[in-house]
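Engineer: Take a look at this one; I'll ask things after.
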Amino acid sequence: MHPLSTINNPLFEELSQQYGTPLYVYDGGIVRRQVHNLQAAFQGVDMHIKYACKANTNLALMRLMRSLGVEVDVVSMGEMHMALLAGYSPRQITFTPSGVPFGEVREAVEAGATVNVDSLPLLEWFGQTYGSSKPCLIRLKPNVAAGGNFKIMTGHSDSKFGISVDLLDEILEIVKRYDLKIIGLHQHTGSDIKEAEAFLQAAEVIFKAALRFPDLQIIDLGGGFKVAYKPEDAVTDMQHLGQEITKGFQEFCKNYGRELQLWFEPGKYLVSECGYLLVRATVIKEDPARTFVHVDSGLNHLIRPMMYGAYHHILNVSNPEGVPHTYNVVGYICETDTFATDRTLPEVRPGDLLAFLNAGAYGFTMSSHYNARYRPAEVLIDEGKATLVRRRDTLDDLLRSQLDLA
Ligand code: LLP
């Protein structure tokens, strides 16, 4: 077994023989470990985990999450339906929209979810529509810049997300006008954040703002904890972060005069490392400039390398002891879908099975039918048993909503 993998090579081979490639494989044990680590880091406060299910909406994974006492954060009615199908009750669901049509917010409220209001116009609409009859949270933008790359930073002043904390007076004016029942303040600084300081800085902004809202029950500090994509990557030190945030939160609750709930809504931290995308090398192309390994997948299945320049570690499952060579690993889509540039791997031969690591978060959920390609099957391994939890697409899945069938 490779030190970076939690699944041994014979099992990878077996699953790929049984279900074909490309194939997403999730290790439920890693989800359990991550949930446990997060819970363990926040002792002494009433901490709730709201899984940001945009990271992975596979129902079996969401059911596993629910069985571990994790609640859920959704961003669309589609995700809301997934959460309900996974067995969540509406009161365990937070709806954190981003500039969605107000009708969608109405649907979420009517379904019984708690809404996180992300703009002044939505706050105004919420007041006009519900007054004090429905509680809500407010998403503040803390003006803190942090995250793995600019595209996934959400808390800085130029970001589209949330209501700037500089507009607190305007927020309070609307709250007062409609007698709104604000039960929580929320912020999410970004994704892939290593430094505890960034979380603490954003938390301080929220704690300070919170003193101006008398009826709060919840402080939601979002997600964004960093996991290792490269073997040598430093990650968020959860023990340290837990201690520091707990200290600050307890201090804040003392000032506030009441114990509040502390919420987090991680995606990557809970599911990134549990996932593997298994692919097969199709063609090895030795060009004068470099050697390309083509695989039977592409940006239609794992877009993170192309969209963010994200690094995903790759294992050669079939030839782990092979002589190292340097490759560009590329997909089969008619775009420049490069998974890895100048990557040194044990010699890759046509037909070799490769595993992309950290494919559990923002892998399948960001996949598409581009080039009219099928999306992969998904397998969940949990408590020693491997279960097919999504079949591979078929032509029917591509045609399902086309109306011009002759
Ligand atoms: N809460 C809110 C309001 C969010 O917008 C997000 C992520 C999360 C929580 C979860 O963040 P996480 O713990 O997963 O970092 N597709 C990108 C990440 C985009 C994240 C969008 N929002 C990627 O693959 O890196």
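Letters for chains follow the order of the structure tokens (A, B, ...), residue numbers begin at 1 for each chain, and ligand numbers begin at 1 in the order shown.
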List all protein, DNA and RNA residues that have any atom at most 7 Å from ligand 1, counting only C-alpha atoms and all ligand atoms, and write the list as a list of chain:residue names.
Structural biologist: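 Every residue with an atom at most 7 Å from ligand 1 is listed here: A:Ala52, A:Ala55, A:Thr96, A:Ile152, A:His188, A:Gly190, A:Ser191, A:Asp192, A:Gly222, A:Gly223, A:Gly224, A:Phe225, A:Glu265, A:Pro266, A:Gly267, A:Lys268, A:Tyr269, A:Arg304, A:Ala361, A:Tyr362.
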Engineer: Per residue of stretch 304-351 of chain A within 10 Å of stretch 277-297 of chain A, what are the shortest atom pair and its distance in Å to one decimal, counting only C-alpha atoms, with rows by chain and residue number, as a Markdown table?
Structural biologist:
```
| residue | atom | partner | partner_atom | distance |
| --- | --- | --- | --- | --- |
| A:Ile314 | CA | A:Leu277 | CA | 9.5 |
| A:Leu315 | CA | A:Leu278 | CA | 9.5 |
| A:Asn316 | CA | A:Arg280 | CA | 9.6 |
| A:Val317 | CA | A:Leu278 | CA | 9.1 |
| A:Ser318 | CA | A:Arg280 | CA | 9.6 |
| A:His325 | CA | A:Thr291 | CA | 8.9 |
| A:Thr326 | CA | A:Thr291 | CA | 7.3 |
| A:Tyr327 | CA | A:Thr291 | CA | 5.2 |
| A:Asn328 | CA | A:Phe292 | CA | 4.9 |
| A:Val329 | CA | A:Val293 | CA | 4.8 |
| A:Val330 | CA | A:His294 | CA | 4.9 |
| A:Gly331 | CA | A:Ser297 | CA | 5.3 |
| A:Tyr332 | CA | A:Ser297 | CA | 5.9 |
| A:Ile333 | CA | A:Ser297 | CA | 7.6 |
| A:Asp337 | CA | A:Ser297 | CA | 9.4 |
| A:Thr338 | CA | A:His294 | CA | 9.3 |
| A:Phe339 | CA | A:Val295 | CA | 9.6 |
| A:Ala340 | CA | A:Val293 | CA | 9.7 |
| A:Thr341 | CA | A:Phe292 | CA | 9.2 |
| A:Asp342 | CA | A:Arg290 | CA | 8.5 |
| A:Val348 | CA | A:Ala281 | CA | 7.4 |
| A:Arg349 | CA | A:Ile284 | CA | 7.0 |
| A:Pro350 | CA | A:Ala281 | CA | 5.2 |
| A:Gly351 | CA | A:Ala281 | CA | 5.1 |
```
Engineer: Would you mind exporting N, CA and C atoms of the selected residues as a short mmCIF file (atom, residue, chain, number, x, y, z; two decimals), in the first residue's frame?
Structural biologist:
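Saved to result.cif:
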```
data_model
loop_
_atom_site.label_atom_id
_atom_site.label_comp_id
_atom_site.auth_asym_id
_atom_site.auth_seq_id
_atom_site.Cartn_x
_atom_site.Cartn_y
_atom_site.Cartn_z
N ILE A 314 -0.69 11.57 -7.95
CA ILE A 314 -1.07 10.45 -8.82
C ILE A 314 -0.22 9.23 -8.45
N LEU A 315 -0.89 8.09 -8.31
CA LEU A 315 -0.17 6.84 -8.06
C LEU A 315 -0.28 5.95 -9.29
N ASN A 316 0.81 5.27 -9.62
CA ASN A 316 0.70 4.22 -10.63
C ASN A 316 0.43 2.92 -9.89
N VAL A 317 -0.84 2.56 -9.85
CA VAL A 317 -1.27 1.39 -9.07
C VAL A 317 -0.71 0.11 -9.68
N SER A 318 -0.63 0.06 -11.02
CA SER A 318 -0.23 -1.19 -11.69
C SER A 318 1.27 -1.42 -11.67
N HIS A 325 9.81 8.07 -14.53
CA HIS A 325 9.88 8.86 -15.76
C HIS A 325 9.10 10.14 -15.51
N THR A 326 9.36 11.15 -16.36
CA THR A 326 8.63 12.41 -16.19
C THR A 326 7.61 12.56 -17.32
N TYR A 327 6.37 12.87 -16.92
CA TYR A 327 5.26 12.87 -17.88
C TYR A 327 4.40 14.13 -17.75
N ASN A 328 3.67 14.42 -18.82
CA ASN A 328 2.47 15.24 -18.70
C ASN A 328 1.29 14.27 -18.74
N VAL A 329 0.46 14.33 -17.73
CA VAL A 329 -0.69 13.42 -17.69
C VAL A 329 -1.89 14.21 -18.19
N VAL A 330 -2.50 13.72 -19.26
CA VAL A 330 -3.54 14.50 -19.94
C VAL A 330 -4.79 13.65 -20.17
N GLY A 331 -5.91 14.36 -20.39
CA GLY A 331 -7.18 13.68 -20.55
C GLY A 331 -7.52 13.41 -22.01
N TYR A 332 -8.76 12.92 -22.22
CA TYR A 332 -9.21 12.57 -23.58
C TYR A 332 -10.22 13.55 -24.14
N ILE A 333 -10.36 14.70 -23.47
CA ILE A 333 -11.32 15.71 -23.91
C ILE A 333 -10.67 16.61 -24.96
N ASP A 337 -6.75 19.51 -21.44
CA ASP A 337 -7.10 19.07 -20.07
C ASP A 337 -5.92 18.33 -19.44
N THR A 338 -4.99 19.13 -18.95
CA THR A 338 -3.76 18.59 -18.36
C THR A 338 -3.97 18.37 -16.86
N PHE A 339 -3.85 17.14 -16.45
CA PHE A 339 -3.96 16.83 -15.02
C PHE A 339 -2.68 17.16 -14.27
N ALA A 340 -1.54 16.94 -14.95
CA ALA A 340 -0.25 17.15 -14.27
C ALA A 340 0.82 17.42 -15.31
N THR A 341 1.68 18.39 -15.02
CA THR A 341 2.77 18.75 -15.93
C THR A 341 4.10 18.34 -15.28
N ASP A 342 4.97 17.76 -16.09
CA ASP A 342 6.29 17.36 -15.60
C ASP A 342 6.20 16.55 -14.30
N VAL A 348 4.84 4.47 -16.76
CA VAL A 348 3.43 4.20 -17.06
C VAL A 348 3.36 3.50 -18.42
N ARG A 349 2.69 2.35 -18.43
CA ARG A 349 2.52 1.60 -19.68
C ARG A 349 1.06 1.65 -20.08
N PRO A 350 0.74 1.49 -21.38
CA PRO A 350 -0.67 1.51 -21.76
C PRO A 350 -1.44 0.48 -20.94
N GLY A 351 -2.60 0.88 -20.42
CA GLY A 351 -3.42 -0.05 -19.63
C GLY A 351 -3.15 0.02 -18.14
#
```
Engineer: How many Å separate atom CA of A:Pro320 from atom CA of A:Ser5?
Structural biologist: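 These two atoms are separated by 12.3 Å.
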Engineer: Select from stretch 216-273 of chain A everything DSSP, run on the backbone, classes as strand (DSSP E), then give the selection as a ChimeraX atom specification.
Structural biologist: /A:218-220,261-264
Engineer: Given only C-alpha atoms as the basis, pick out the residue of A:Leu260, A:Ala145, A:Val35, A:Leu211 nearest to A:Glu197.
Structural biologist: A:Ala145
Engineer: Write out as a PyMOL selection string the set of residues from stretch 200-288 of chain A that DSSP, computed on the backbone, places in alpha helix (DSSP H).
Structural biologist: chain A and resi 200-210+238-256+268-271
Engineer: Export C-alpha atoms of the chosen residues as a PDB file, in the first residue's frame?
Structural biologist:
```
ATOM      1  CA  LEU A 200      -9.133  33.820  14.141  1.00  0.00           C
ATOM      2  CA  GLN A 201      -9.073  37.168  12.356  1.00  0.00           C
ATOM      3  CA  ALA A 202     -12.421  36.471  10.664  1.00  0.00           C
ATOM      4  CA  ALA A 203     -13.873  35.140  13.932  1.00  0.00           C
ATOM      5  CA  GLU A 204     -12.912  38.356  15.720  1.00  0.00           C
ATOM      6  CA  VAL A 205     -14.749  40.408  13.085  1.00  0.00           C
ATOM      7  CA  ILE A 206     -17.869  38.300  13.579  1.00  0.00           C
ATOM      8  CA  PHE A 207     -17.632  38.341  17.396  1.00  0.00           C
ATOM      9  CA  LYS A 208     -17.390  42.130  17.339  1.00  0.00           C
ATOM     10  CA  ALA A 209     -20.356  42.501  14.969  1.00  0.00           C
ATOM     11  CA  ALA A 210     -22.365  39.979  16.996  1.00  0.00           C
ATOM     12  CA  MET A 238      -6.974  21.425  13.920  1.00  0.00           C
ATOM     13  CA  GLN A 239      -5.887  20.945  17.531  1.00  0.00           C
ATOM     14  CA  HIS A 240      -4.329  24.396  17.629  1.00  0.00           C
ATOM     15  CA  LEU A 241      -7.212  26.014  15.755  1.00  0.00           C
ATOM     16  CA  GLY A 242      -9.703  24.266  18.035  1.00  0.00           C
ATOM     17  CA  GLN A 243      -7.984  25.536  21.150  1.00  0.00           C
ATOM     18  CA  GLU A 244      -7.635  29.105  19.888  1.00  0.00           C
ATOM     19  CA  ILE A 245     -11.158  29.433  18.492  1.00  0.00           C
ATOM     20  CA  THR A 246     -12.644  27.782  21.576  1.00  0.00           C
ATOM     21  CA  LYS A 247     -10.799  30.270  23.797  1.00  0.00           C
ATOM     22  CA  GLY A 248     -11.976  33.248  21.723  1.00  0.00           C
ATOM     23  CA  PHE A 249     -15.513  31.894  21.473  1.00  0.00           C
ATOM     24  CA  GLN A 250     -15.835  31.286  25.213  1.00  0.00           C
ATOM     25  CA  GLU A 251     -14.567  34.802  25.855  1.00  0.00           C
ATOM     26  CA  PHE A 252     -17.072  36.160  23.347  1.00  0.00           C
ATOM     27  CA  CYS A 253     -19.963  34.209  24.925  1.00  0.00           C
ATOM     28  CA  LYS A 254     -19.003  35.680  28.298  1.00  0.00           C
ATOM     29  CA  ASN A 255     -19.161  39.196  26.849  1.00  0.00           C
ATOM     30  CA  TYR A 256     -22.380  38.380  25.044  1.00  0.00           C
ATOM     31  CA  LYS A 268     -12.832  19.521   1.784  1.00  0.00           C
ATOM     32  CA  TYR A 269     -11.816  18.676   5.332  1.00  0.00           C
ATOM     33  CA  LEU A 270     -14.490  15.998   5.564  1.00  0.00           C
ATOM     34  CA  VAL A 271     -14.328  14.391   2.130  1.00  0.00           C
TER      35      VAL A 271
END
```
Engineer: Which residues, written as a list in words, have at least one atom at most 12 Å from A:Gly103, with only C-alpha atoms counted and residues fewer than 4 positions away on the same chain left out?
Structural biologist: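 Skipping anything fewer than 4 positions along the chain leaves Ser76, Met77, Pro97, Gly99, Glu107, Ala108, Val109, Glu110, Leu122, Trp125, Phe126 and Thr129 of chain A.
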Engineer: Keeping only C-alpha atoms, write those residues as a PDB file, in the first residue's frame.
Structural biologist:
```pdb
ATOM      1  CA  SER A  76     -29.499  25.263  -3.984  1.00  0.00           C
ATOM      2  CA  MET A  77     -32.862  23.561  -3.936  1.00  0.00           C
ATOM      3  CA  PRO A  97     -27.394  30.968  -1.208  1.00  0.00           C
ATOM      4  CA  GLY A  99     -27.452  35.877  -5.109  1.00  0.00           C
ATOM      5  CA  GLU A 107     -38.869  27.504  -1.428  1.00  0.00           C
ATOM      6  CA  ALA A 108     -36.068  26.854   1.059  1.00  0.00           C
ATOM      7  CA  VAL A 109     -37.924  28.622   3.869  1.00  0.00           C
ATOM      8  CA  GLU A 110     -41.117  26.753   3.037  1.00  0.00           C
ATOM      9  CA  LEU A 122     -32.496  39.761   0.155  1.00  0.00           C
ATOM     10  CA  TRP A 125     -37.213  41.019   0.854  1.00  0.00           C
ATOM     11  CA  PHE A 126     -36.985  38.668   3.835  1.00  0.00           C
ATOM     12  CA  THR A 129     -42.090  38.683   3.250  1.00  0.00           C
TER      13      THR A 129
END
```
Engineer: Check the smallest atom-to-atom distance from each of A:Asp404, A:Glu273, A:Asp27, A:Glu335 to A:Asn8 using only C-alpha atoms, then report the winner.
Structural biologist: A:Asp27
